[in-house]
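Have a look at the structure below before the remarks.
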Amino acid sequence: MTLWSFWSCFLLACIQLYPFHLKLGARAEITFPRLANRFYPLEVTSPKARVIRKSAEIQVSLKVSDRNEVFNRSETEGTAAARSTYEQGVKNETLIRNDTAVNYFNLKIPNKKCDNISIGVTEASKRTFSIREKRKRSVGVSYNENLDRSITGEAQSSVESVQGASNFRSEYRRTGEESRGSNARQSEPHLDTSTFALSGDSAHNQAMVHWSGQNSSVILILTKLYDFNLGAVTESSLWRSTDYGSTYTKLNDKVGSRTVLSYLYVCPTNKQKILMLSDPEVESAVLISSDEGASFAKYPINFNVLSLLFHPAQENWILAYSHDYKLYSSMNFGKEWQLVHENVMPGRFYWAVMGLDRESDVVHIETRIAKGRAQYVKCRAQRCTEGNRQYLFPGHVDTNSLVVQDEYVFTQVTKSGRASYFVSYMRESFRQMKLPKYCLPKDMHIISTDEKQVFAAVQEWNQNNTYSLYISDSPGVYFILSLENLRTSRGPAGNLLVDFYKVEGINGMYLANKIVDNLIKTFITYNKGQTWALLPAPTTDVSGNNLHCILPFCSLHLHLEMSENPYTSGPITSKKSVPGIIVATGNIGTELSSTNLGMFITSDAGNSWRQIFDEEYNIWFLDNGGALLAVLHATTPIRQIWISLDEGKKWDRHSFSLVPLYVDGVLMEPESDNHIITFFGHFSHRSEWQLIKIDYKGLFSRRCMDGDYQTWYLHNKGELCVMGEKQIYMKRRPGNRCMLAQDYSRIYSSEPCLCTAYDFECDYGWERQADGKCSPAFWFNPNGVAKSCSSSQSFLNSTGYRKVLSNNCKERGRNVYSPKRVACHPRAPQGLHLSTSHGELSATIGSNVTFMIHLDNGESPSTSIQLDFGDGIKITYSNLSRTENGIKHIYRTTGIYRVMASAENSLGSDSSTLFLHITSPVDRVYLSVPIVAVREKAANLTAVVWPSHTRTLTFFWWFENSSEPIITLEGSISHMFLREGKNKVTVQVASGGTVLEDSKVITVKEFFRSLLLSFSPALDEHNPDIPEWREDIGRVVRTALSQQVSGVSENQLMVSLYPGLPTTAELFILPDEQMSSEHKKRSEEALDTILDIYVTALNKGLVQFELKANIRIVVYMTQQTLAPLVDSNAIHSGSAMLMLISVVFVGIAAFFIYKFKRKIPWIHVETEDRHEKDPEVISTVGQNDAMSKVKLSEFPSQKELMEKELEGRSRDSIRH
């Protein structure tokens, strides 16, 4: 007695100290479904967690129950416990489409070196781990999923010990006797079990389990010690079983005793091929096996693998995504890798879809080119050079928006804050997705693309926390509303979570949670969203007590979240092989709740429901769907499971372990005939990994024969025609203990029905009214353009209805819902619209611009279309239908083009116009200004851009401390400076989203003198013709002039070198700042004296400077060649003799002009006579006050600029 009391207290203390099992349920994230064979690291926090380490990335939201419920179990299950609320973190590496999934679980074990234990499993079956439609699929504006399927949370649990008794509750077994487990006679239902412990790996806190599948007996387990402080795997062990898990062999010697393994992957098309990654902190390598892990070969790699994507058909083809955003491909199962593309967005890469893409090695990629902007690239995996890439979507797309799924390619473009969504069907040209005109979507997520139809969750302009369900036609273009106000939420990482579930095995059957008057209610549809109805509640509870739940005031509500953990079934499950059976967690009442939850089942496709448990269980289908397995969501160890062979009417309890097990997960091989289940977990917190193999073949006595089946009619509240046909299914008779054949036919017969209103939904532009009929929306014109109509033909006109896709009803001779053939009536074209394919009014030079033409009213075939591109090219089409795919045109020069479309037939015409801006990127801008200007005299400022543009740029001119700029569309401006001193001028040139600028400082004086300078030819040989060089040489020349000619302060000199060759400059002599303004005349005389001194010194070659060792440059005064305002390609000057002759020639010309200036009307030269003319600006621009601004389109050539500059400088430099 004393000993018994001691162990009772010890057990009670252990239970109180370590609250373990976590209730796990992950809501399905709406991303793009069935990403073929993509693997991502999974880490799931295990049921025994007390403290959960937070992860940096959160992807999947877990449903959390806030109840604390005390329950009793039988004596064989030990003490009962109260279950509490906590969250569990998951980081999932799961193959989403073809057959294989790799997963990890973290399990916190107190007092261990690294107390997070994780278990991962790779499962061979598609139906175990494939999320398919249930996964969230996304084309969204912001790609929050990041495709790592990471989840974090803080798990906290508390256990209240309750004294149990051996009073097995009859409600769990309403009929039949409890099974005797493994001790039963072989003729009675029994389980055969065996347990294996992974000895020596008790310190390892992560594990990955892989079952090859396809009736293979091989199971691989990779256990790891992950140090959370170091953030790396420090130890690993590889185990292999060849007898379905009865025994395991350690393979560390085969992979290398020092090799640390981090991940395990399995080829989905050949389960014998295994690929493992070594930890990159130790070495970067892949280990490859072609015999299910019997042997391995190691191959080094030079990048770190973040995720893998296997080809859906070719077993040796793999795509690998690295941490540095690079995508690699291998065609020999990882032995060699080749770079495909850099800067690829995470998760936005896809293999070719067989039957749609011409080449099977095609890769679809989204590449980032700028912040928020990406491109859709298509290329071959091993030939993805720039010349071999295809850009199928014209223009840029939003980042994280590319989805390639089945027959569809989706992408998104945001302009002016409004997103537009585009779809390509069967790899044809992209078309904009059309929702009702005033839906004005703020956000859109693709839910499903099954059966050649798109389901999308759309957040309309007036919705905040809810979305609406829209369904499309086959091409995915025209969408109609199916269900408003779906229950949605955001996951911890911002990912969208939508309560929407597709029932497996029944065509057109879906479940959804909708918010009605702030209450969450579950609805069901049998016709693909055409009509929705509440779920009827069971008539009795699990104890057999009557329930008085009357529709529509009370109904059954289900949790529709999908578990991201493949080792738990999640709150709801159905199976294609057992149509009509749905098992789910839910409650009865006015709304969905997280309290008072139970398990409910339907065997007739949702027409009636039964409660099977008043607690939450994980439930799986066994024996190809013929049996049900239930495992309690327990925070305490368990040793029994529940199995039903009659669709949940009777449940038998079986022991699977002599010692209670903390269950971390359940692994099975579906769609096989081996009837094996593997439970994995721990007997205690310090024990080693325990793997319990369960063979449940003993539940059956024989294989099923024809007489063991019965028929079942699919119906909707008694209506036998569902989705346009009467379907009869076969199912096993309740109570028969026979095994189902894997390939037996579930559908017994199918017969089409005559079409009714139930088989049709409202067409695009039509809305269902209160009487059930479809009427055109106020914004829709049902008598619009008939593109298939001609003057001598009829056309099919919509009656406002369209047949539900996949509906197989048979239409009568005169169906009121089908499109009607209507005779064509000639009409004049009205409502002609012209736009570009993406609504943009600008394009870059040389790009393909696609123009779209739409006609609201008129006859398509009899209406001719003419399109004038505005650049002298016109094109004419004989009818509108030939322009459906758009009209492409390339512009070769920049400018603003008036594009005009006209439609004309015998009854009239219409036209539409748009103005298209063709631009090219601005490489650089140069501000050409005089460095010295005269106060209160206009100075011409010019901005020169490369390459040249025509009326497509915007210029912003900033002067000194001005608060607002002067904005012009031309690159030149005249400005008058009113203040003497230094004035800064800045010009900004805007071209699209690019802005470039240049600044100059102008010294403003009331008067000054200037000379034109030239240099020794050797200077031209060292002239790189860049602004920095010109500034440095100007400073050197100014210093030389100041030092080599005495009496002149350097502050009075300014030297400006001009662009181009030969190298020329201008010397400006400024008045002495120390001299007062009252002595202006004397100051001018002083400037003239200085000017004469410099003329003499320059003519004698007295001014020199040293450019480099043994290279001296002589500065001359010249009026031969002046620097142009733009770069010149002129050759270097010839010889000094030629320069001397030119100087003499220019001098004679200057004297002639000065002598006869009054007789030449176009020459204006300043004289000393104050009454003749005020001093003018002497600068690099003209001197005429009345001169108009030069338009950039009329900007003269470099040669013309040089000639005009020479004329101006020749006139004025003498006077200054």
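Going through the structure tokens in order, the chains are called A, B, and so on, while each chain numbers its residues from 1 and the ligands are numbered from 1 in the order shown.
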Polymer residues at most 8 Å from region 1088-1100 of chain A, only C-alpha atoms, same-chain spacing of 4 or more positions, as a PyMOL selection string: chain A and resi 1009-1011+1045+1048+1069+1084+1115-1117+1216
With only C-alpha atoms as the counted atoms, please give the residues lying no more than 12 Å from Ser608 (chain A), apart from itself and same-chain residues fewer than 3 positions off, as an MDAnalysis selection string. chainID A and resid 534:540 555:556 580:582 600:605 611 715:718
Looking only at the backbone, which of the residues in region 419-660 of chain A does DSSP tag as strand (DSSP E), as a PDB file with C-alpha atoms, in the first residue's frame?
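Final output, saved to out-v4.pdb:
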```pdb
ATOM      1  CA  ALA A 419      -4.574  46.840 -58.683  1.00  0.00           C
ATOM      2  CA  SER A 420      -5.471  45.121 -61.934  1.00  0.00           C
ATOM      3  CA  TYR A 421      -5.370  41.356 -62.233  1.00  0.00           C
ATOM      4  CA  PHE A 422      -4.435  39.472 -65.379  1.00  0.00           C
ATOM      5  CA  VAL A 423      -4.809  35.859 -66.444  1.00  0.00           C
ATOM      6  CA  SER A 424      -3.444  33.723 -69.251  1.00  0.00           C
ATOM      7  CA  TYR A 425      -5.555  30.668 -70.079  1.00  0.00           C
ATOM      8  CA  ARG A 431      -6.340  39.275 -70.458  1.00  0.00           C
ATOM      9  CA  GLN A 432      -7.547  41.475 -67.646  1.00  0.00           C
ATOM     10  CA  ASP A 443      -7.213  42.540 -52.648  1.00  0.00           C
ATOM     11  CA  MET A 444      -7.617  39.206 -54.441  1.00  0.00           C
ATOM     12  CA  HIS A 445      -6.459  35.672 -53.645  1.00  0.00           C
ATOM     13  CA  ILE A 446      -6.856  32.644 -55.873  1.00  0.00           C
ATOM     14  CA  ILE A 447      -8.416  29.742 -53.974  1.00  0.00           C
ATOM     15  CA  SER A 448      -8.825  27.031 -56.596  1.00  0.00           C
ATOM     16  CA  PHE A 455     -12.387  30.474 -57.390  1.00  0.00           C
ATOM     17  CA  ALA A 456     -11.147  33.760 -55.929  1.00  0.00           C
ATOM     18  CA  ALA A 457     -11.510  35.515 -52.582  1.00  0.00           C
ATOM     19  CA  VAL A 458     -11.953  39.224 -53.291  1.00  0.00           C
ATOM     20  CA  GLN A 459     -11.975  42.075 -50.813  1.00  0.00           C
ATOM     21  CA  THR A 466     -14.191  39.965 -44.810  1.00  0.00           C
ATOM     22  CA  TYR A 467     -13.845  38.791 -48.393  1.00  0.00           C
ATOM     23  CA  SER A 468     -16.363  37.682 -50.981  1.00  0.00           C
ATOM     24  CA  LEU A 469     -16.213  34.519 -53.054  1.00  0.00           C
ATOM     25  CA  TYR A 470     -16.165  35.010 -56.837  1.00  0.00           C
ATOM     26  CA  ILE A 471     -16.176  32.290 -59.487  1.00  0.00           C
ATOM     27  CA  SER A 472     -15.163  32.627 -63.137  1.00  0.00           C
ATOM     28  CA  PHE A 479     -16.252  36.629 -62.540  1.00  0.00           C
ATOM     29  CA  ILE A 480     -19.583  36.596 -60.730  1.00  0.00           C
ATOM     30  CA  LEU A 481     -20.380  36.821 -57.024  1.00  0.00           C
ATOM     31  CA  SER A 482     -21.066  33.527 -55.261  1.00  0.00           C
ATOM     32  CA  LEU A 483     -20.995  34.255 -51.503  1.00  0.00           C
ATOM     33  CA  GLU A 484     -20.501  37.494 -49.592  1.00  0.00           C
ATOM     34  CA  ASN A 485     -18.676  38.116 -46.310  1.00  0.00           C
ATOM     35  CA  LEU A 486     -16.573  35.002 -46.002  1.00  0.00           C
ATOM     36  CA  ARG A 487     -14.944  34.627 -42.628  1.00  0.00           C
ATOM     37  CA  THR A 488     -11.307  35.642 -43.006  1.00  0.00           C
ATOM     38  CA  SER A 489      -8.435  36.603 -40.794  1.00  0.00           C
ATOM     39  CA  ARG A 490      -4.761  37.387 -41.041  1.00  0.00           C
ATOM     40  CA  LEU A 496      -4.774  35.658 -45.538  1.00  0.00           C
ATOM     41  CA  LEU A 497      -6.813  32.889 -43.897  1.00  0.00           C
ATOM     42  CA  VAL A 498     -10.205  32.077 -45.429  1.00  0.00           C
ATOM     43  CA  PHE A 500     -13.498  27.693 -47.358  1.00  0.00           C
ATOM     44  CA  TYR A 501     -13.373  23.919 -47.908  1.00  0.00           C
ATOM     45  CA  LYS A 502     -13.846  21.674 -50.935  1.00  0.00           C
ATOM     46  CA  TYR A 510     -18.169  23.126 -50.856  1.00  0.00           C
ATOM     47  CA  LEU A 511     -18.390  24.381 -47.284  1.00  0.00           C
ATOM     48  CA  ALA A 512     -17.792  27.991 -46.191  1.00  0.00           C
ATOM     49  CA  ASN A 513     -18.101  30.078 -43.051  1.00  0.00           C
ATOM     50  CA  LYS A 514     -19.961  33.320 -43.601  1.00  0.00           C
ATOM     51  CA  ILE A 515     -20.514  36.274 -41.289  1.00  0.00           C
ATOM     52  CA  VAL A 516     -24.224  37.038 -40.931  1.00  0.00           C
ATOM     53  CA  LEU A 519     -22.373  35.784 -36.330  1.00  0.00           C
ATOM     54  CA  ILE A 520     -20.192  33.147 -37.999  1.00  0.00           C
ATOM     55  CA  LYS A 521     -22.317  30.452 -39.654  1.00  0.00           C
ATOM     56  CA  THR A 522     -21.407  27.447 -41.809  1.00  0.00           C
ATOM     57  CA  PHE A 523     -23.007  27.117 -45.247  1.00  0.00           C
ATOM     58  CA  ILE A 524     -22.969  24.320 -47.826  1.00  0.00           C
ATOM     59  CA  THR A 525     -23.432  24.297 -51.599  1.00  0.00           C
ATOM     60  CA  ALA A 533     -27.718  26.727 -47.294  1.00  0.00           C
ATOM     61  CA  LEU A 534     -27.124  26.267 -43.558  1.00  0.00           C
ATOM     62  CA  SER A 555     -27.726  24.963 -37.079  1.00  0.00           C
ATOM     63  CA  LEU A 556     -24.471  23.006 -37.142  1.00  0.00           C
ATOM     64  CA  HIS A 557     -21.253  25.003 -37.507  1.00  0.00           C
ATOM     65  CA  LEU A 558     -17.875  23.533 -38.432  1.00  0.00           C
ATOM     66  CA  ILE A 572     -12.210  18.618 -40.985  1.00  0.00           C
ATOM     67  CA  THR A 573     -11.458  15.742 -43.312  1.00  0.00           C
ATOM     68  CA  SER A 574     -12.987  14.022 -46.315  1.00  0.00           C
ATOM     69  CA  ILE A 582     -17.185  14.171 -43.846  1.00  0.00           C
ATOM     70  CA  VAL A 583     -15.812  14.261 -40.313  1.00  0.00           C
ATOM     71  CA  ALA A 584     -15.347  17.639 -38.647  1.00  0.00           C
ATOM     72  CA  THR A 585     -14.952  19.522 -35.386  1.00  0.00           C
ATOM     73  CA  GLY A 586     -17.794  21.891 -34.608  1.00  0.00           C
ATOM     74  CA  ASN A 587     -20.668  22.943 -32.393  1.00  0.00           C
ATOM     75  CA  ILE A 588     -24.407  23.350 -32.471  1.00  0.00           C
ATOM     76  CA  GLY A 589     -26.059  26.735 -31.944  1.00  0.00           C
ATOM     77  CA  GLY A 598     -17.466  17.953 -30.510  1.00  0.00           C
ATOM     78  CA  MET A 599     -16.868  15.666 -33.467  1.00  0.00           C
ATOM     79  CA  PHE A 600     -19.571  15.326 -36.127  1.00  0.00           C
ATOM     80  CA  ILE A 601     -19.929  13.031 -39.124  1.00  0.00           C
ATOM     81  CA  THR A 602     -22.148  12.844 -42.177  1.00  0.00           C
ATOM     82  CA  ARG A 610     -24.419  12.697 -36.229  1.00  0.00           C
ATOM     83  CA  GLN A 611     -22.301  13.547 -33.200  1.00  0.00           C
ATOM     84  CA  ILE A 612     -19.685  10.860 -32.528  1.00  0.00           C
ATOM     85  CA  PHE A 613     -17.552  12.415 -29.740  1.00  0.00           C
ATOM     86  CA  TYR A 617     -10.133  13.926 -31.985  1.00  0.00           C
ATOM     87  CA  ASN A 618      -7.812  13.459 -34.911  1.00  0.00           C
ATOM     88  CA  ILE A 619      -9.573  11.181 -37.367  1.00  0.00           C
ATOM     89  CA  TRP A 620      -8.050   9.357 -40.341  1.00  0.00           C
ATOM     90  CA  PHE A 621      -9.469   7.097 -43.034  1.00  0.00           C
ATOM     91  CA  LEU A 622      -8.083   3.532 -43.082  1.00  0.00           C
ATOM     92  CA  ALA A 627     -12.566   2.399 -41.724  1.00  0.00           C
ATOM     93  CA  LEU A 628     -12.073   5.363 -39.416  1.00  0.00           C
ATOM     94  CA  LEU A 629      -9.275   5.843 -36.870  1.00  0.00           C
ATOM     95  CA  ALA A 630      -9.752   8.308 -33.990  1.00  0.00           C
ATOM     96  CA  VAL A 631      -6.934   9.529 -31.733  1.00  0.00           C
ATOM     97  CA  LEU A 632      -7.753  11.806 -28.824  1.00  0.00           C
ATOM     98  CA  GLN A 640      -5.607   3.329 -26.877  1.00  0.00           C
ATOM     99  CA  ILE A 641      -7.210   4.312 -30.148  1.00  0.00           C
ATOM    100  CA  TRP A 642     -10.741   4.089 -31.535  1.00  0.00           C
ATOM    101  CA  ILE A 643     -11.687   2.387 -34.796  1.00  0.00           C
ATOM    102  CA  SER A 644     -15.020   2.293 -36.632  1.00  0.00           C
ATOM    103  CA  ASP A 652     -14.197  -0.055 -30.852  1.00  0.00           C
ATOM    104  CA  ARG A 653     -11.356   0.770 -28.502  1.00  0.00           C
ATOM    105  CA  HIS A 654      -7.975  -0.931 -29.008  1.00  0.00           C
ATOM    106  CA  SER A 655      -4.749  -0.779 -27.040  1.00  0.00           C
TER     107      SER A 655
END
```
What are the nearest atom pairs, with distances in Å to one decimal, for all residues of region 659-685 of chain A that come at most 10 Å from region 696-703 of chain A, using only C-alpha atoms, set out by chain and rising residue number as a tab-separated table?
```
residue	atom	partner	partner_atom	distance
A:Asp673	CA	A:Lys697	CA	9.2
A:Asn674	CA	A:Lys697	CA	7.9
A:His675	CA	A:Tyr696	CA	5.7
A:Ile676	CA	A:Tyr696	CA	6.5
A:Ile677	CA	A:Tyr696	CA	7.7
```
If we count only C-alpha atoms, what is near Pro752 (chain A) at a cut-off of 12 Å, once residues fewer than 4 positions away on the same chain are taken out, given as a PDB file with N, CA and C atoms, in the first residue's frame?
```pdb
ATOM      1  N   LEU A 720     -32.590  14.349 -56.192  1.00  0.00           N
ATOM      2  CA  LEU A 720     -31.582  13.407 -56.664  1.00  0.00           C
ATOM      3  C   LEU A 720     -30.678  13.992 -57.734  1.00  0.00           C
ATOM      4  N   CYS A 721     -31.097  15.028 -58.418  1.00  0.00           N
ATOM      5  CA  CYS A 721     -30.271  15.640 -59.462  1.00  0.00           C
ATOM      6  C   CYS A 721     -29.313  16.638 -58.807  1.00  0.00           C
ATOM      7  N   VAL A 722     -28.063  16.266 -58.752  1.00  0.00           N
ATOM      8  CA  VAL A 722     -27.021  17.110 -58.178  1.00  0.00           C
ATOM      9  C   VAL A 722     -25.979  17.346 -59.263  1.00  0.00           C
ATOM     10  N   MET A 723     -25.695  18.604 -59.547  1.00  0.00           N
ATOM     11  CA  MET A 723     -24.786  18.997 -60.632  1.00  0.00           C
ATOM     12  C   MET A 723     -25.214  18.363 -61.953  1.00  0.00           C
ATOM     13  N   GLY A 724     -26.543  18.317 -62.149  1.00  0.00           N
ATOM     14  CA  GLY A 724     -27.096  17.912 -63.430  1.00  0.00           C
ATOM     15  C   GLY A 724     -27.140  16.427 -63.688  1.00  0.00           C
ATOM     16  N   GLU A 725     -26.958  15.590 -62.674  1.00  0.00           N
ATOM     17  CA  GLU A 725     -27.025  14.144 -62.910  1.00  0.00           C
ATOM     18  C   GLU A 725     -27.421  13.419 -61.632  1.00  0.00           C
ATOM     19  N   LYS A 726     -27.990  12.232 -61.824  1.00  0.00           N
ATOM     20  CA  LYS A 726     -28.315  11.341 -60.728  1.00  0.00           C
ATOM     21  C   LYS A 726     -27.160  10.350 -60.574  1.00  0.00           C
ATOM     22  N   GLN A 727     -26.577  10.326 -59.381  1.00  0.00           N
ATOM     23  CA  GLN A 727     -25.422   9.478 -59.152  1.00  0.00           C
ATOM     24  C   GLN A 727     -25.724   8.484 -58.037  1.00  0.00           C
ATOM     25  N   ILE A 728     -25.371   7.228 -58.278  1.00  0.00           N
ATOM     26  CA  ILE A 728     -25.536   6.167 -57.302  1.00  0.00           C
ATOM     27  C   ILE A 728     -24.144   5.645 -56.964  1.00  0.00           C
ATOM     28  N   THR A 756     -32.444  22.610 -65.177  1.00  0.00           N
ATOM     29  CA  THR A 756     -33.396  23.490 -64.502  1.00  0.00           C
ATOM     30  C   THR A 756     -32.653  24.758 -64.087  1.00  0.00           C
ATOM     31  N   ASP A 759     -29.370  24.634 -62.202  1.00  0.00           N
ATOM     32  CA  ASP A 759     -28.123  24.305 -62.892  1.00  0.00           C
ATOM     33  C   ASP A 759     -27.479  25.522 -63.549  1.00  0.00           C
ATOM     34  N   ASN A 807     -21.301  21.061 -64.685  1.00  0.00           N
ATOM     35  CA  ASN A 807     -22.653  20.567 -64.545  1.00  0.00           C
ATOM     36  C   ASN A 807     -22.989  19.747 -65.795  1.00  0.00           C
ATOM     37  N   ASN A 808     -23.539  18.556 -65.586  1.00  0.00           N
ATOM     38  CA  ASN A 808     -23.769  17.624 -66.685  1.00  0.00           C
ATOM     39  C   ASN A 808     -25.228  17.480 -67.069  1.00  0.00           C
ATOM     40  N   CYS A 809     -26.040  18.496 -66.767  1.00  0.00           N
ATOM     41  CA  CYS A 809     -27.454  18.391 -67.104  1.00  0.00           C
ATOM     42  C   CYS A 809     -27.657  18.413 -68.620  1.00  0.00           C
ATOM     43  N   LYS A 810     -28.766  17.849 -69.042  1.00  0.00           N
ATOM     44  CA  LYS A 810     -29.103  17.757 -70.460  1.00  0.00           C
ATOM     45  C   LYS A 810     -30.152  18.804 -70.786  1.00  0.00           C
ATOM     46  N   GLU A 811     -29.844  19.671 -71.749  1.00  0.00           N
ATOM     47  CA  GLU A 811     -30.737  20.784 -72.070  1.00  0.00           C
ATOM     48  C   GLU A 811     -31.888  20.317 -72.945  1.00  0.00           C
ATOM     49  N   ARG A 812     -33.035  20.941 -72.708  1.00  0.00           N
ATOM     50  CA  ARG A 812     -34.215  20.633 -73.511  1.00  0.00           C
ATOM     51  C   ARG A 812     -34.140  21.337 -74.856  1.00  0.00           C
TER      52      ARG A 812
END
```
When you look at Tyr709 (chain A) with a cut-off of 12 Å (counting only C-alpha atoms), what residues show up, excluding the ones that are within fewer than 5 positions of it in the same chain? I need them as an MDAnalysis selection string. chainID A and resid 626 703:704 729:741 744:748
Write a file of the just-selected residues containing N, CA and C atoms, as a short mmCIF file (atom, residue, chain, number, x, y, z; two decimals), in the first residue's frame.
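The file below, part.cif, is the result:
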```
data_model
loop_
_atom_site.label_atom_id
_atom_site.label_comp_id
_atom_site.auth_asym_id
_atom_site.auth_seq_id
_atom_site.Cartn_x
_atom_site.Cartn_y
_atom_site.Cartn_z
N GLY A 626 -12.48 2.67 -45.91
CA GLY A 626 -13.53 1.81 -45.35
C GLY A 626 -13.59 1.82 -43.85
N ARG A 703 -11.47 -10.34 -47.72
CA ARG A 703 -11.68 -9.27 -48.69
C ARG A 703 -13.15 -9.19 -49.07
N CYS A 704 -13.57 -7.97 -49.39
CA CYS A 704 -14.98 -7.75 -49.71
C CYS A 704 -15.35 -8.38 -51.05
N TYR A 729 -23.83 5.62 -55.67
CA TYR A 729 -22.52 5.18 -55.21
C TYR A 729 -22.65 3.82 -54.50
N MET A 730 -21.51 3.10 -54.49
CA MET A 730 -21.42 1.87 -53.73
C MET A 730 -20.67 2.12 -52.43
N LYS A 731 -21.11 1.47 -51.37
CA LYS A 731 -20.40 1.53 -50.11
C LYS A 731 -20.52 0.17 -49.43
N ARG A 732 -19.61 -0.12 -48.51
CA ARG A 732 -19.65 -1.39 -47.79
C ARG A 732 -20.80 -1.39 -46.81
N ARG A 733 -21.44 -2.51 -46.72
CA ARG A 733 -22.55 -2.63 -45.78
C ARG A 733 -22.02 -2.48 -44.35
N PRO A 734 -22.71 -1.72 -43.51
CA PRO A 734 -22.25 -1.54 -42.13
C PRO A 734 -22.11 -2.87 -41.42
N GLY A 735 -21.01 -3.01 -40.68
CA GLY A 735 -20.79 -4.20 -39.89
C GLY A 735 -19.99 -5.28 -40.58
N ASN A 736 -19.85 -5.20 -41.90
CA ASN A 736 -19.06 -6.21 -42.61
C ASN A 736 -17.58 -5.99 -42.34
N ARG A 737 -16.89 -7.01 -41.84
CA ARG A 737 -15.47 -6.90 -41.53
C ARG A 737 -14.64 -7.41 -42.70
N CYS A 738 -14.85 -6.81 -43.85
CA CYS A 738 -14.09 -7.20 -45.03
C CYS A 738 -13.26 -6.02 -45.50
N MET A 739 -12.13 -6.34 -46.13
CA MET A 739 -11.21 -5.30 -46.63
C MET A 739 -11.66 -4.84 -48.01
N LEU A 740 -11.65 -3.49 -48.19
CA LEU A 740 -12.02 -2.92 -49.48
C LEU A 740 -10.90 -3.10 -50.48
N ALA A 741 -11.26 -3.39 -51.71
CA ALA A 741 -10.25 -3.43 -52.78
C ALA A 741 -9.83 -2.01 -53.11
N TYR A 744 -11.72 -0.59 -56.31
CA TYR A 744 -13.15 -0.83 -56.55
C TYR A 744 -13.83 0.48 -56.91
N SER A 745 -14.85 0.41 -57.76
CA SER A 745 -15.52 1.60 -58.26
C SER A 745 -16.51 2.11 -57.23
N ARG A 746 -16.39 3.40 -56.91
CA ARG A 746 -17.31 3.99 -55.94
C ARG A 746 -18.63 4.39 -56.59
N ILE A 747 -18.57 4.83 -57.85
CA ILE A 747 -19.78 5.26 -58.55
C ILE A 747 -20.42 4.05 -59.23
N TYR A 748 -21.64 3.75 -58.84
CA TYR A 748 -22.35 2.60 -59.40
C TYR A 748 -22.99 2.96 -60.74
#
```
Straight-line distance linking CA of Arg348 (chain A) with CA of Met562 (chain A), stated in Å to one decimal: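 Distance reported for this atom pair: 23.0 Å.
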Would you list the contacts of region 253-259 of chain A as a list in words, taking every protein, DNA or RNA residue within 9 Å and counting only C-alpha atoms, but skipping same-chain residues closer than 4 positions in sequence?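 Those residues are Glu235, Ser236, Leu238, Ser278, Asp279, Val282, Glu283, Leu287, Ala294, Ser295, Phe296, Ala297 and Lys298 of chain A.
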Quick one: residues within 12 Å of Thr249 (chain A), only C-alpha atoms, excluding same-chain residues fewer than 6 positions away - as a PyMOL selection string? chain A and resi 196-199+218-222+237-243+293-294
At a cut-off of 7 Å, using only C-alpha atoms, what residues contact Phe977 (chain A)? Leave out same-chain residues fewer than 5 positions from it and give the result as a PDB file with N, CA and C atoms, in the first residue's frame.
```pdb
ATOM      1  N   ARG A 935      24.181  92.123 -63.708  1.00  0.00           N
ATOM      2  CA  ARG A 935      23.008  92.327 -62.865  1.00  0.00           C
ATOM      3  C   ARG A 935      21.903  93.013 -63.658  1.00  0.00           C
ATOM      4  N   GLU A 936      20.670  92.521 -63.434  1.00  0.00           N
ATOM      5  CA  GLU A 936      19.448  93.061 -64.033  1.00  0.00           C
ATOM      6  C   GLU A 936      19.445  92.928 -65.544  1.00  0.00           C
ATOM      7  N   LYS A 937      20.209  91.989 -66.070  1.00  0.00           N
ATOM      8  CA  LYS A 937      20.167  91.646 -67.480  1.00  0.00           C
ATOM      9  C   LYS A 937      19.894  90.157 -67.605  1.00  0.00           C
TER      10      LYS A 937
END
```
Of the candidates A:Thr954, A:Ser862, A:Gln988, A:Gln742, which shows the shortest atom-to-atom distance to Asn879 (chain A), using only C-alpha atoms?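 Going through A:Thr954, A:Ser862, A:Gln988, A:Gln742 one by one, the smallest distance to Asn879 (chain A) is for A:Ser862.
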Gap from CA of Gly529 (chain A) to CA of Pro436 (chain A) - Å, one decimal: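 About the pair CA of Gly529 (chain A) and CA of Pro436 (chain A): they are 16.8 Å apart.
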Pick out each residue of region 579-805 of chain A that DSSP on the backbone tags as helix (DSSP H, G or I); I need them as a list in words. Asp623, Asn624, Gly625, Lys697, Gly698, Leu699, Asp706, Gly707, Asp708, Ala757, Tyr758 and Asp759 of chain A
